[in-house]
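Shown next: upload_4.pdb, given as PDB, C-alpha atoms.
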```pdb
ATOM      1  CA  LEU A   1     139.210  37.324 -32.841
ATOM      2  CA  LYS A   2     136.001  35.966 -34.246
ATOM      3  CA  CYS A   3     133.793  33.220 -32.870
ATOM      4  CA  ARG A   4     131.617  31.164 -35.166
ATOM      5  CA  ILE A   5     128.468  29.746 -33.548
ATOM      6  CA  ARG A   6     126.583  27.036 -35.413
ATOM      7  CA  THR A   7     123.378  26.066 -33.626
ATOM      8  CA  CYS A   8     119.895  24.722 -34.227
ATOM      9  CA  VAL A   9     117.087  26.902 -32.898
ATOM     10  CA  ARG A  10     113.613  25.554 -32.098
ATOM     11  CA  ALA A  11     110.782  27.987 -32.537
ATOM     12  CA  ASP A  12     108.856  26.747 -29.489
ATOM     13  CA  ARG A  13     111.800  27.277 -27.133
ATOM     14  CA  THR A  14     112.930  30.773 -28.075
ATOM     15  CA  THR A  15     111.503  34.276 -28.321
ATOM     16  CA  THR A  16     112.683  34.626 -31.934
ATOM     17  CA  ASN A  17     110.301  33.364 -34.574
ATOM     18  CA  PHE A  18     111.843  31.446 -37.474
ATOM     19  CA  LYS A  19     109.917  30.307 -40.531
ATOM     20  CA  ASN A  20     111.879  27.076 -40.570
ATOM     21  CA  PRO A  21     112.484  25.841 -36.974
ATOM     22  CA  SER A  22     114.981  23.203 -38.042
ATOM     23  CA  VAL A  23     117.272  25.503 -40.043
ATOM     24  CA  TRP A  24     120.957  25.557 -39.158
ATOM     25  CA  ILE A  25     122.321  29.090 -38.960
ATOM     26  CA  THR A  26     125.887  30.359 -38.816
ATOM     27  CA  VAL A  27     126.544  33.613 -36.957
ATOM     28  CA  ASN A  28     129.813  35.516 -36.918
ATOM     29  CA  VAL A  29     130.289  37.197 -33.550
ATOM     30  CA  THR A  30     133.204  39.510 -32.767
ATOM     31  CA  ASP A  31     134.873  39.543 -29.401
ATOM     32  CA  MET A  32     133.202  42.811 -28.358
ATOM     33  CA  GLN A  33     129.753  41.556 -29.336
ATOM     34  CA  LEU A  34     130.301  38.318 -27.458
ATOM     35  CA  LEU A  35     131.519  40.200 -24.378
ATOM     36  CA  ARG A  36     128.510  42.535 -24.513
ATOM     37  CA  LEU A  37     126.140  39.572 -24.820
ATOM     38  CA  VAL A  38     127.629  37.753 -21.827
ATOM     39  CA  LEU A  39     127.610  40.897 -19.667
ATOM     40  CA  SER A  40     124.002  41.657 -20.597
ATOM     41  CA  ILE A  41     122.816  38.181 -19.622
ATOM     42  CA  THR A  42     124.737  38.357 -16.327
ATOM     43  CA  LEU A  43     123.399  41.797 -15.397
ATOM     44  CA  VAL A  44     119.812  40.922 -16.277
ATOM     45  CA  ALA A  45     119.898  37.691 -14.259
ATOM     46  CA  VAL A  46     121.726  39.037 -11.196
ATOM     47  CA  LEU A  47     120.884  42.705 -10.725
ATOM     48  CA  PRO A  48     117.403  43.853  -9.637
ATOM     49  CA  ALA A  49     115.053  45.192 -12.265
ATOM     50  CA  SER A  50     115.625  48.808 -11.139
ATOM     51  CA  TYR A  51     119.310  48.547 -12.073
ATOM     52  CA  SER A  52     119.077  46.292 -15.100
ATOM     53  CA  SER A  53     116.441  48.579 -16.652
ATOM     54  CA  ARG A  54     119.057  51.341 -16.945
ATOM     55  CA  ILE A  55     121.339  49.157 -19.026
ATOM     56  CA  ARG A  56     120.898  48.950 -22.744
ATOM     57  CA  VAL A  57     120.038  45.311 -23.310
ATOM     58  CA  PRO A  58     119.637  43.721 -26.744
ATOM     59  CA  ARG A  59     116.052  43.424 -27.840
ATOM     60  CA  LYS A  60     116.227  39.630 -27.920
ATOM     61  CA  LEU A  61     116.898  39.616 -24.162
ATOM     62  CA  GLN A  62     113.870  41.727 -23.208
ATOM     63  CA  ALA A  63     111.674  38.641 -22.802
ATOM     64  CA  PHE A  64     114.307  37.053 -20.561
ATOM     65  CA  ARG A  65     114.358  40.165 -18.353
ATOM     66  CA  ARG A  66     110.569  40.174 -18.070
ATOM     67  CA  HIS A  67     110.591  36.480 -17.194
ATOM     68  CA  SER A  68     113.222  36.901 -14.464
ATOM     69  CA  THR A  69     111.421  39.934 -12.993
ATOM     70  CA  ALA A  70     108.107  38.034 -12.893
ATOM     71  CA  ALA A  71     109.832  35.103 -11.209
ATOM     72  CA  ARG A  72     111.221  37.378  -8.478
ATOM     73  CA  ARG A  73     107.745  38.861  -7.959
ATOM     74  CA  ARG A  74     106.210  35.396  -7.642
ATOM     75  CA  VAL A  75     108.756  34.421  -5.012
ATOM     76  CA  LYS A  76     108.080  37.616  -3.082
ATOM     77  CA  CYS A  77     104.312  37.143  -3.287
ATOM     78  CA  GLY A  78     104.701  33.532  -2.218
ATOM     79  CA  ALA A  79     106.424  34.612   0.976
ATOM     80  CA  ASN A  80     103.604  37.067   1.682
ATOM     81  CA  TRP A  81     100.980  34.355   1.242
ATOM     82  CA  LEU A  82     102.599  32.339   4.008
ATOM     83  CA  SER A  83     102.072  35.132   6.538
ATOM     84  CA  ALA A  84      98.405  36.121   6.164
ATOM     85  CA  VAL A  85      95.287  35.672   4.067
ATOM     86  CA  PRO A  86      93.780  38.807   2.486
ATOM     87  CA  ALA A  87      90.601  40.129   4.051
ATOM     88  CA  GLU A  88      88.604  39.171   0.961
ATOM     89  CA  GLY A  89      90.052  35.642   1.051
ATOM     90  CA  MET A  90      92.031  33.668  -1.497
ATOM     91  CA  ARG A  91      90.124  33.324  -4.762
ATOM     92  CA  PHE A  92      90.371  30.292  -7.029
ATOM     93  CA  ARG A  93      88.563  30.768 -10.335
ATOM     94  CA  ASN A  94      87.331  28.421 -13.059
ATOM     95  CA  ALA A  95      88.348  25.200 -11.307
ATOM     96  CA  ARG A  96      87.323  21.716 -12.412
ATOM     97  CA  VAL A  97      86.257  19.308  -9.665
ATOM     98  CA  LEU A  98      85.754  15.555  -9.270
ATOM     99  CA  TYR A  99      84.297  14.281  -6.013
ATOM    100  CA  GLN A 100      83.883  10.572  -5.302
ATOM    101  CA  PRO A 101      82.095   9.884  -1.969
ATOM    102  CA  ILE A 102      83.336   6.880   0.011
ATOM    103  CA  LEU A 103      81.785   5.190   3.041
ATOM    104  CA  VAL A 104      84.589   4.667   5.568
ATOM    105  CA  LYS A 105      84.366   2.527   8.682
ATOM    106  CA  THR A 106      84.441   4.510  11.888
ATOM    107  CA  GLU A 107      87.337   2.608  13.419
ATOM    108  CA  VAL A 108      89.376   3.230  10.264
ATOM    109  CA  ALA A 109      88.533   6.930  10.174
ATOM    110  CA  LYS A 110      89.535   7.438  13.814
ATOM    111  CA  ARG A 111      93.139   6.530  12.998
ATOM    112  CA  THR A 112      93.594   9.622  10.800
ATOM    113  CA  THR A 113      90.726  11.897  11.887
ATOM    114  CA  PRO A 114      90.849  13.850  15.169
ATOM    115  CA  HIS A 115      87.899  13.347  17.481
ATOM    116  CA  ASN A 116      87.069  14.819  20.893
ATOM    117  CA  VAL A 117      89.633  17.589  20.273
ATOM    118  CA  CYS A 118      88.464  21.123  21.165
ATOM    119  CA  GLY A 119      84.871  20.024  20.713
ATOM    120  CA  LEU A 120      85.492  18.442  17.300
ATOM    121  CA  LYS A 121      83.726  15.103  16.889
ATOM    122  CA  LEU A 122      83.728  12.442  14.217
ATOM    123  CA  LEU A 123      80.196  12.047  12.828
ATOM    124  CA  SER A 124      79.109   8.508  12.040
ATOM    125  CA  LEU A 125      75.994   6.399  11.577
ATOM    126  CA  PHE A 126      75.803   2.633  12.133
ATOM    127  CA  GLY A 127      79.588   2.422  12.251
ATOM    128  CA  TRP A 128      80.209   4.353   9.007
ATOM    129  CA  THR A 129      81.255   7.911   8.195
ATOM    130  CA  MET A 130      81.427   9.831   4.934
ATOM    131  CA  GLY A 131      84.826  10.222   3.288
ATOM    132  CA  GLY A 132      85.820  10.635  -0.311
ATOM    133  CA  ILE A 133      88.348  11.529  -2.984
ATOM    134  CA  PHE A 134      88.427  15.188  -3.983
ATOM    135  CA  VAL A 135      90.228  16.019  -7.254
ATOM    136  CA  VAL A 136      90.676  19.624  -8.376
ATOM    137  CA  GLU A 137      92.388  21.174 -11.369
ATOM    138  CA  TRP A 138      93.021  24.777 -10.281
ATOM    139  CA  THR A 139      93.393  26.842 -13.460
ATOM    140  CA  GLU A 140      93.526  30.281 -11.780
ATOM    141  CA  SER A 141      94.762  30.695  -8.211
ATOM    142  CA  PRO A 142      96.890  33.163  -6.186
ATOM    143  CA  VAL A 143      99.779  30.656  -6.329
ATOM    144  CA  GLY A 144      99.384  29.786 -10.006
ATOM    145  CA  PRO A 145      97.764  26.794 -11.694
ATOM    146  CA  TYR A 146      98.211  23.388 -10.077
ATOM    147  CA  ARG A 147      96.454  20.066  -9.465
ATOM    148  CA  GLU A 148      95.270  18.625  -6.179
ATOM    149  CA  VAL A 149      94.031  15.282  -4.892
ATOM    150  CA  ALA A 150      92.626  15.229  -1.355
ATOM    151  CA  VAL A 151      91.547  12.077   0.464
ATOM    152  CA  LEU A 152      88.785  12.796   2.974
ATOM    153  CA  SER A 153      88.883  10.400   5.903
ATOM    154  CA  GLY A 154      85.600  11.335   7.555
ATOM    155  CA  LEU A 155      82.886  13.809   8.387
ATOM    156  CA  VAL A 156      83.505  15.981  11.454
ATOM    157  CA  GLY A 157      81.405  18.485  13.344
ATOM    158  CA  ARG A 158      81.730  21.103  16.044
ATOM    159  CA  GLY A 159      78.506  22.616  17.275
ATOM    160  CA  TRP A 160      76.379  23.359  14.236
ATOM    161  CA  ASP A 161      79.382  23.375  11.871
ATOM    162  CA  ILE A 162      79.918  20.248   9.784
ATOM    163  CA  GLY A 163      82.809  19.664   7.403
ATOM    164  CA  ALA A 164      85.038  16.988   5.904
ATOM    165  CA  TRP A 165      88.499  16.186   7.273
ATOM    166  CA  ALA A 166      91.306  15.815   4.739
ATOM    167  CA  SER A 167      93.884  13.297   5.958
ATOM    168  CA  HIS A 168      96.061  13.150   2.809
ATOM    169  CA  ILE A 169      96.600  15.849   0.152
ATOM    170  CA  VAL A 170      98.837  15.791  -2.912
ATOM    171  CA  VAL A 171      99.578  18.962  -4.923
ATOM    172  CA  THR A 172     101.770  19.481  -7.963
ATOM    173  CA  THR A 173     103.634  22.698  -7.020
ATOM    174  CA  GLU A 174     105.903  23.449  -4.085
ATOM    175  CA  THR A 175     104.308  26.854  -3.434
ATOM    176  CA  ALA A 176     100.847  25.305  -3.142
ATOM    177  CA  ALA A 177     102.188  22.734  -0.675
ATOM    178  CA  ASP A 178     103.839  25.438   1.475
ATOM    179  CA  VAL A 179     100.742  27.641   1.499
ATOM    180  CA  GLY A 180      98.500  24.688   2.345
ATOM    181  CA  ARG A 181     100.632  23.527   5.261
ATOM    182  CA  ARG A 182     101.815  26.799   6.807
ATOM    183  CA  LEU A 183      98.742  28.929   6.211
ATOM    184  CA  PHE A 184      95.748  26.572   6.215
ATOM    185  CA  GLY A 185      97.165  23.706   8.276
ATOM    186  CA  LEU A 186      96.489  21.151   5.550
ATOM    187  CA  PRO A 187      98.644  17.993   5.178
ATOM    188  CA  ALA A 188      99.678  19.010   1.657
ATOM    189  CA  LYS A 189     102.546  17.108   0.045
ATOM    190  CA  LEU A 190     104.351  17.783  -3.214
ATOM    191  CA  GLY A 191     103.772  14.987  -5.682
ATOM    192  CA  SER A 192     102.662  13.959  -9.157
ATOM    193  CA  ILE A 193      99.095  13.855 -10.510
ATOM    194  CA  ASP A 194      98.493  12.486 -14.008
ATOM    195  CA  PHE A 195      95.290  12.574 -16.042
ATOM    196  CA  GLU A 196      94.531   9.973 -18.688
ATOM    197  CA  SER A 197      91.432   9.641 -20.845
ATOM    198  CA  ALA A 198      89.535   6.364 -20.658
ATOM    199  CA  PHE A 199      88.335   4.738 -23.876
ATOM    200  CA  GLY A 200      84.680   5.431 -24.564
ATOM    201  CA  SER A 201      82.302   7.733 -22.717
ATOM    202  CA  SER A 202      80.640   4.808 -20.890
ATOM    203  CA  VAL A 203      83.840   3.483 -19.346
ATOM    204  CA  ARG A 204      84.153   4.036 -15.595
ATOM    205  CA  GLY A 205      86.958   6.218 -14.352
ATOM    206  CA  VAL A 206      89.818   4.848 -12.275
ATOM    207  CA  PHE A 207      91.876   6.311  -9.417
ATOM    208  CA  GLU A 208      95.331   4.738  -9.426
ATOM    209  CA  PHE A 209      97.283   5.397  -6.230
ATOM    210  CA  HIS A 210     100.880   4.388  -6.919
ATOM    211  CA  ALA A 211     102.126   5.988  -3.666
ATOM    212  CA  ASP A 212     101.009   8.632  -1.189
ATOM    213  CA  ASP A 213     102.505  11.299  -3.505
ATOM    214  CA  TRP A 214     101.710   9.839  -6.944
ATOM    215  CA  VAL A 215      98.175   9.516  -8.318
ATOM    216  CA  SER A 216      96.998   8.718 -11.850
ATOM    217  CA  ILE A 217      93.390   9.389 -12.812
ATOM    218  CA  LYS A 218      91.641   7.877 -15.815
ATOM    219  CA  THR A 219      88.656  10.064 -16.622
ATOM    220  CA  THR A 220      86.039  10.311 -19.339
ATOM    221  CA  PRO A 221      87.127  12.104 -22.543
ATOM    222  CA  ASP A 222      85.088  15.233 -21.770
ATOM    223  CA  TRP A 223      87.279  15.911 -18.713
ATOM    224  CA  ARG A 224      90.182  16.892 -20.963
ATOM    225  CA  CYS A 225      88.104  19.617 -22.619
ATOM    226  CA  PRO A 226      88.651  23.135 -21.224
ATOM    227  CA  PRO A 227      86.218  24.103 -18.427
ATOM    228  CA  THR A 228      83.179  25.911 -19.823
ATOM    229  CA  ARG A 229      81.611  28.718 -17.820
ATOM    230  CA  ASN A 230      77.856  29.044 -18.255
ATOM    231  CA  LEU A 231      77.856  32.373 -16.410
ATOM    232  CA  ASN A 232      79.812  35.566 -16.832
ATOM    233  CA  PRO A 233      82.091  36.589 -13.938
ATOM    234  CA  GLU A 234      79.592  39.374 -13.064
ATOM    235  CA  GLN A 235      76.623  37.000 -12.862
ATOM    236  CA  ARG A 236      75.775  35.156  -9.676
ATOM    237  CA  GLY A 237      75.378  31.416  -9.708
ATOM    238  CA  LEU A 238      74.500  28.930  -7.028
ATOM    239  CA  SER A 239      76.716  29.606  -3.988
ATOM    240  CA  ILE A 240      77.401  27.144  -1.191
ATOM    241  CA  SER A 241      79.098  28.122   2.083
ATOM    242  CA  LEU A 242      80.900  25.302   3.860
ATOM    243  CA  PRO A 243      82.998  25.344   7.028
ATOM    244  CA  SER A 244      86.291  23.485   6.844
ATOM    245  CA  PHE A 245      88.474  22.160   9.625
ATOM    246  CA  SER A 246      92.213  21.532   9.476
ATOM    247  CA  GLY A 247      95.385  21.805  11.522
ATOM    248  CA  LEU A 248      96.984  19.549  14.128
ATOM    249  CA  LEU A 249      99.904  18.752  11.848
ATOM    250  CA  PRO A 250     102.401  16.639  13.814
ATOM    251  CA  THR A 251     106.153  17.018  13.830
ATOM    252  CA  THR A 252     108.628  14.601  15.330
ATOM    253  CA  SER A 253     111.163  16.265  17.633
ATOM    254  CA  ALA A 254     113.974  14.727  19.641
ATOM    255  CA  SER A 255     111.822  14.392  22.747
ATOM    256  CA  LYS A 256     108.217  13.901  21.669
ATOM    257  CA  THR A 257     105.664  14.517  18.978
ATOM    258  CA  THR A 258     103.687  17.748  19.319
ATOM    259  CA  PRO A 259     101.275  19.477  16.925
ATOM    260  CA  ILE A 260     102.808  22.458  15.156
ATOM    261  CA  THR A 261      99.450  24.002  14.296
ATOM    262  CA  PRO A 262      96.278  24.300  16.370
ATOM    263  CA  LEU A 263      92.891  23.177  15.223
ATOM    264  CA  LEU A 264      91.806  25.603  12.497
ATOM    265  CA  ARG A 265      88.483  26.553  11.007
ATOM    266  CA  TYR A 266      88.098  28.532   7.793
ATOM    267  CA  PRO A 267      85.074  29.265   5.588
ATOM    268  CA  LEU A 268      84.794  28.019   2.017
ATOM    269  CA  VAL A 269      82.417  29.599  -0.487
ATOM    270  CA  LEU A 270      81.762  27.613  -3.672
ATOM    271  CA  ARG A 271      80.088  29.384  -6.585
ATOM    272  CA  LEU A 272      78.981  27.098  -9.399
ATOM    273  CA  THR A 273      79.501  28.673 -12.836
ATOM    274  CA  GLY A 274      79.467  25.543 -15.013
ATOM    275  CA  SER A 275      77.563  22.312 -15.431
ATOM    276  CA  ILE A 276      77.246  19.447 -12.950
ATOM    277  CA  LYS A 277      77.456  15.865 -14.151
ATOM    278  CA  LEU A 278      76.893  12.587 -12.344
ATOM    279  CA  CYS A 279      79.276   9.833 -13.440
ATOM    280  CA  PRO A 280      79.375   6.147 -12.467
ATOM    281  CA  SER A 281      81.413   5.548  -9.354
ATOM    282  CA  PHE A 282      85.120   5.371 -10.053
ATOM    283  CA  LEU A 283      87.218   2.273  -9.524
ATOM    284  CA  THR A 284      90.303   2.402  -7.325
ATOM    285  CA  SER A 285      93.663   0.721  -7.859
ATOM    286  CA  ILE A 286      95.940   0.784  -4.794
ATOM    287  CA  SER A 287      99.634  -0.069  -4.981
ATOM    288  CA  SER A 288     101.509  -1.901  -2.253
ATOM    289  CA  HIS A 289     103.628   1.251  -1.759
ATOM    290  CA  VAL A 290     100.616   3.149  -0.366
ATOM    291  CA  PRO A 291     100.702   3.479   3.462
ATOM    292  CA  SER A 292      98.302   1.268   5.373
ATOM    293  CA  ASP A 293      96.225   4.123   6.845
ATOM    294  CA  LEU A 294      95.595   5.588   3.394
ATOM    295  CA  ARG A 295      94.942   2.146   1.915
ATOM    296  CA  GLU A 296      92.253   1.409   4.508
ATOM    297  CA  ILE A 297      90.419   4.657   3.717
ATOM    298  CA  LEU A 298      90.541   4.021  -0.033
ATOM    299  CA  SER A 299      89.232   0.481   0.534
ATOM    300  CA  GLY A 300      85.846   1.768   1.687
ATOM    301  CA  GLU A 301      82.495   1.334  -0.026
ATOM    302  CA  TYR A 302      81.891   3.247  -3.285
ATOM    303  CA  CYS A 303      78.088   3.330  -3.136
ATOM    304  CA  PHE A 304      77.523   6.783  -4.636
ATOM    305  CA  PRO A 305      78.113   8.235  -8.109
ATOM    306  CA  CYS A 306      81.018  10.540  -8.803
ATOM    307  CA  ILE A 307      80.207  14.245  -9.092
ATOM    308  CA  GLN A 308      81.913  16.256 -11.830
ATOM    309  CA  ILE A 309      81.716  20.074 -11.867
ATOM    310  CA  ASP A 310      83.122  21.668 -14.995
ATOM    311  CA  ALA A 311      83.623  25.176 -13.591
ATOM    312  CA  VAL A 312      83.480  26.488 -10.034
ATOM    313  CA  ASP A 313      84.867  29.542  -8.247
ATOM    314  CA  VAL A 314      86.140  29.027  -4.693
ATOM    315  CA  VAL A 315      86.936  31.617  -2.019
ATOM    316  CA  ALA A 316      88.906  30.390   1.006
ATOM    317  CA  GLY A 317      88.593  32.719   3.986
ATOM    318  CA  ALA A 318      91.142  33.395   6.692
ATOM    319  CA  PRO A 319      91.519  30.502   9.145
ATOM    320  CA  THR A 320      90.906  31.015  12.863
ATOM    321  CA  ALA A 321      92.436  28.936  15.638
ATOM    322  CA  ILE A 322      90.159  26.919  17.939
ATOM    323  CA  THR A 323      91.648  26.703  21.399
ATOM    324  CA  SER A 324      88.737  25.553  23.536
TER
END
```

Can the structure from this file be put into structure tokens for me?
Amino acid sequence: LKCRIRTCVRADRTTTNFKNPSVWITVNVTDMQLLRLVLSITLVAVLPASYSSRIRVPRKLQAFRRHSTAARRRVKCGANWLSAVPAEGMRFRNARVLYQPILVKTEVAKRTTPHNVCGLKLLSLFGWTMGGIFVVEWTESPVGPYREVAVLSGLVGRGWDIGAWASHIVVTTETAADVGRRLFGLPAKLGSIDFESAFGSSVRGVFEFHADDWVSIKTTPDWRCPPTRNLNPEQRGLSISLPSFSGLLPTTSASKTTPITPLLRYPLVLRLTGSIKLCPSFLTSISSHVPSDLREILSGEYCFPCIQIDAVDVVAGAPTAITS
């Protein structure tokens, strides 16, 4: 028996390079060749790499085997990240950052920011505290590239340590959300983050919050350019060490609501390797689907310019629990 396969192959979706991507090809495949092809795909996809490497696989399937092996390694590494942070910390390289400070009323910030918990206090002046919108495009991270939007509800302090409290975080990959919640105690949620270029370099950017897990950002055209490092990886730039607080993530059980994580503190080291740019303060568009607590934070006063950093390296240290 012979099987005739007539298919259209796109060059950008296959490992075989064709001069004419839209050509229609006709292949005559015998029953033994078809059986060998099906068995090879099954063995490569199911068996571990140690077994499938002993089987003679057609050359066209080598890329598929490498892809499946790398996927299994990423899953295994992802599970390890949820258990502990390396001693040297988690390194995020060549990230692009947008930070828009927001003045938030103290009574609004208290609804989503813990205060008088294990010595942690909400810092305010004349009834206002400092919040903001923190946008990051992580290009190199231990969990792969992803995007993040964090809404900072207020400024908190414990002793001499001062940091910002993130009340809402949206990330674009499931692994990043799991690592953020289980390892760092951050309220990370899987969602969608879209970037759009505004018309003209003088046009103000816009944060569009369609929901608590869907954010669209209209930025200046230079944001879409790849991040440019002014320093080599061996050179030392300006480094900033900041303490960060997180934790106290609630879960609703049958009886009552109890925190599943204690109050955490972890160090953040930011090393600037690119340029810093001050942009006009961004505008904010808030949909009716956004929860009221998030809407009240985003409705604060935008009195400060937006800070854009084209390239920054971040090292997140191991978090420690604060019990007293």

Q | Given the PyMOL selection byres ((chain A and resi 153) around 8), the residues it picks as a ChimeraX atom specification | A | /A:104,109,112-113,130-132,151-152,154-155,164-167,297

Writer output for current selection, C-alpha atoms, as a PDB file, keeping the file's coordinate frame:
```pdb
ATOM      1  CA  VAL A 104      84.589   4.667   5.568  1.00  0.00           C
ATOM      2  CA  ALA A 109      88.533   6.930  10.174  1.00  0.00           C
ATOM      3  CA  THR A 112      93.594   9.622  10.800  1.00  0.00           C
ATOM      4  CA  THR A 113      90.726  11.897  11.887  1.00  0.00           C
ATOM      5  CA  MET A 130      81.427   9.831   4.934  1.00  0.00           C
ATOM      6  CA  GLY A 131      84.826  10.222   3.288  1.00  0.00           C
ATOM      7  CA  GLY A 132      85.820  10.635  -0.311  1.00  0.00           C
ATOM      8  CA  VAL A 151      91.547  12.077   0.464  1.00  0.00           C
ATOM      9  CA  LEU A 152      88.785  12.796   2.974  1.00  0.00           C
ATOM     10  CA  GLY A 154      85.600  11.335   7.555  1.00  0.00           C
ATOM     11  CA  LEU A 155      82.886  13.809   8.387  1.00  0.00           C
ATOM     12  CA  ALA A 164      85.038  16.988   5.904  1.00  0.00           C
ATOM     13  CA  TRP A 165      88.499  16.186   7.273  1.00  0.00           C
ATOM     14  CA  ALA A 166      91.306  15.815   4.739  1.00  0.00           C
ATOM     15  CA  SER A 167      93.884  13.297   5.958  1.00  0.00           C
ATOM     16  CA  ILE A 297      90.419   4.657   3.717  1.00  0.00           C
TER      17      ILE A 297
END
```

Q: Expand the PyMOL selection byres ((chain A and resi 287) around 8) into the individual residues it matches in the shown file, reporting them as number ranges by chain.
A: A: 208-211, 285-286, 288-290

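Rounded to one decimal, atom CA of Thr323 of chain A and atom CA of Tyr266 of chain A lie 14.2 Å from each other.
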
Q. Smallest atom-to-atom distance to Phe245 of chain A: which of A:Lys277, A:Lys189, A:His115, A:Arg295, using all atoms listed in the file?
A. A:His115

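Counting from atom CA of Val143 of chain A, the distance to atom CA of Met90 of chain A is 9.6 Å.
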
Q | Among the residues A:Ala177, A:Ile102, A:Ile240, A:Ile162, the one that comes closest to Ile133 of chain A [using only C-alpha atoms] | A | A:Ile102

Q: May I ask which of the residues A:Tyr146, A:Phe304, A:Trp128, A:Trp223 is the closest one to Ala176 of chain A, counting all atoms listed in the file?
A: A:Tyr146

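Selection check: the PyMOL selection byres ((chain A and resi 218) around 6) on the shown file gives Phe195, Glu196, Ser197, Ala198, Gly205, Val206, Ile217 and Thr219 of chain A.
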
Q: For Phe92 of chain A, work out the shell of residues within 9 Å, counting all atoms listed in the file and skipping chain neighbours fewer than 6 positions away, then give it as a list of chain:residue names.
A: A:Trp138, A:Thr139, A:Glu140, A:Ser141, A:Pro142, A:Val312, A:Asp313, A:Val314, A:Val315, A:Ala316

Since the input is missing atoms for segment 125-136 of chain A, could you rebuild it with N, CA, C and O atoms and give the result as an mmCIF file, in the coordinates of the input?
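Printed below is out31.cif as written:
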```cif
data_model
loop_
_atom_site.group_PDB
_atom_site.id
_atom_site.type_symbol
_atom_site.label_atom_id
_atom_site.label_comp_id
_atom_site.auth_asym_id
_atom_site.auth_seq_id
_atom_site.Cartn_x
_atom_site.Cartn_y
_atom_site.Cartn_z
ATOM 1 N N LEU A 125 77.307 7.006 11.476
ATOM 2 C CA LEU A 125 75.994 6.399 11.577
ATOM 3 C C LEU A 125 76.144 4.914 11.270
ATOM 4 O O LEU A 125 76.649 4.540 10.205
ATOM 5 N N PHE A 126 75.726 4.090 12.256
ATOM 6 C CA PHE A 126 75.803 2.633 12.133
ATOM 7 C C PHE A 126 77.222 2.164 11.827
ATOM 8 O O PHE A 126 77.440 1.229 11.058
ATOM 9 N N GLY A 127 78.204 2.841 12.413
ATOM 10 C CA GLY A 127 79.588 2.422 12.251
ATOM 11 C C GLY A 127 80.265 2.892 10.979
ATOM 12 O O GLY A 127 81.368 2.427 10.662
ATOM 13 N N TRP A 128 79.634 3.835 10.245
ATOM 14 C CA TRP A 128 80.209 4.353 9.007
ATOM 15 C C TRP A 128 80.215 5.871 9.034
ATOM 16 O O TRP A 128 79.339 6.499 9.644
ATOM 17 N N THR A 129 81.192 6.470 8.378
ATOM 18 C CA THR A 129 81.255 7.911 8.195
ATOM 19 C C THR A 129 81.485 8.207 6.717
ATOM 20 O O THR A 129 81.820 7.309 5.935
ATOM 21 N N MET A 130 81.323 9.461 6.339
ATOM 22 C CA MET A 130 81.427 9.831 4.934
ATOM 23 C C MET A 130 82.809 10.409 4.634
ATOM 24 O O MET A 130 83.200 11.440 5.181
ATOM 25 N N GLY A 131 83.554 9.721 3.784
ATOM 26 C CA GLY A 131 84.826 10.222 3.288
ATOM 27 C C GLY A 131 84.727 10.466 1.800
ATOM 28 O O GLY A 131 83.642 10.656 1.249
ATOM 29 N N GLY A 132 85.866 10.442 1.133
ATOM 30 C CA GLY A 132 85.820 10.635 -0.311
ATOM 31 C C GLY A 132 87.167 10.993 -0.895
ATOM 32 O O GLY A 132 88.166 11.166 -0.191
ATOM 33 N N ILE A 133 87.178 11.087 -2.215
ATOM 34 C CA ILE A 133 88.348 11.529 -2.984
ATOM 35 C C ILE A 133 87.956 12.803 -3.706
ATOM 36 O O ILE A 133 86.982 12.829 -4.470
ATOM 37 N N PHE A 134 88.717 13.855 -3.463
ATOM 38 C CA PHE A 134 88.427 15.188 -3.983
ATOM 39 C C PHE A 134 89.558 15.571 -4.932
ATOM 40 O O PHE A 134 90.699 15.744 -4.508
ATOM 41 N N VAL A 135 89.239 15.683 -6.227
ATOM 42 C CA VAL A 135 90.228 16.019 -7.254
ATOM 43 C C VAL A 135 89.888 17.392 -7.821
ATOM 44 O O VAL A 135 88.743 17.651 -8.204
ATOM 45 N N VAL A 136 90.884 18.270 -7.866
ATOM 46 C CA VAL A 136 90.676 19.624 -8.376
ATOM 47 C C VAL A 136 91.802 19.975 -9.343
ATOM 48 O O VAL A 136 92.976 19.687 -9.079
#
```
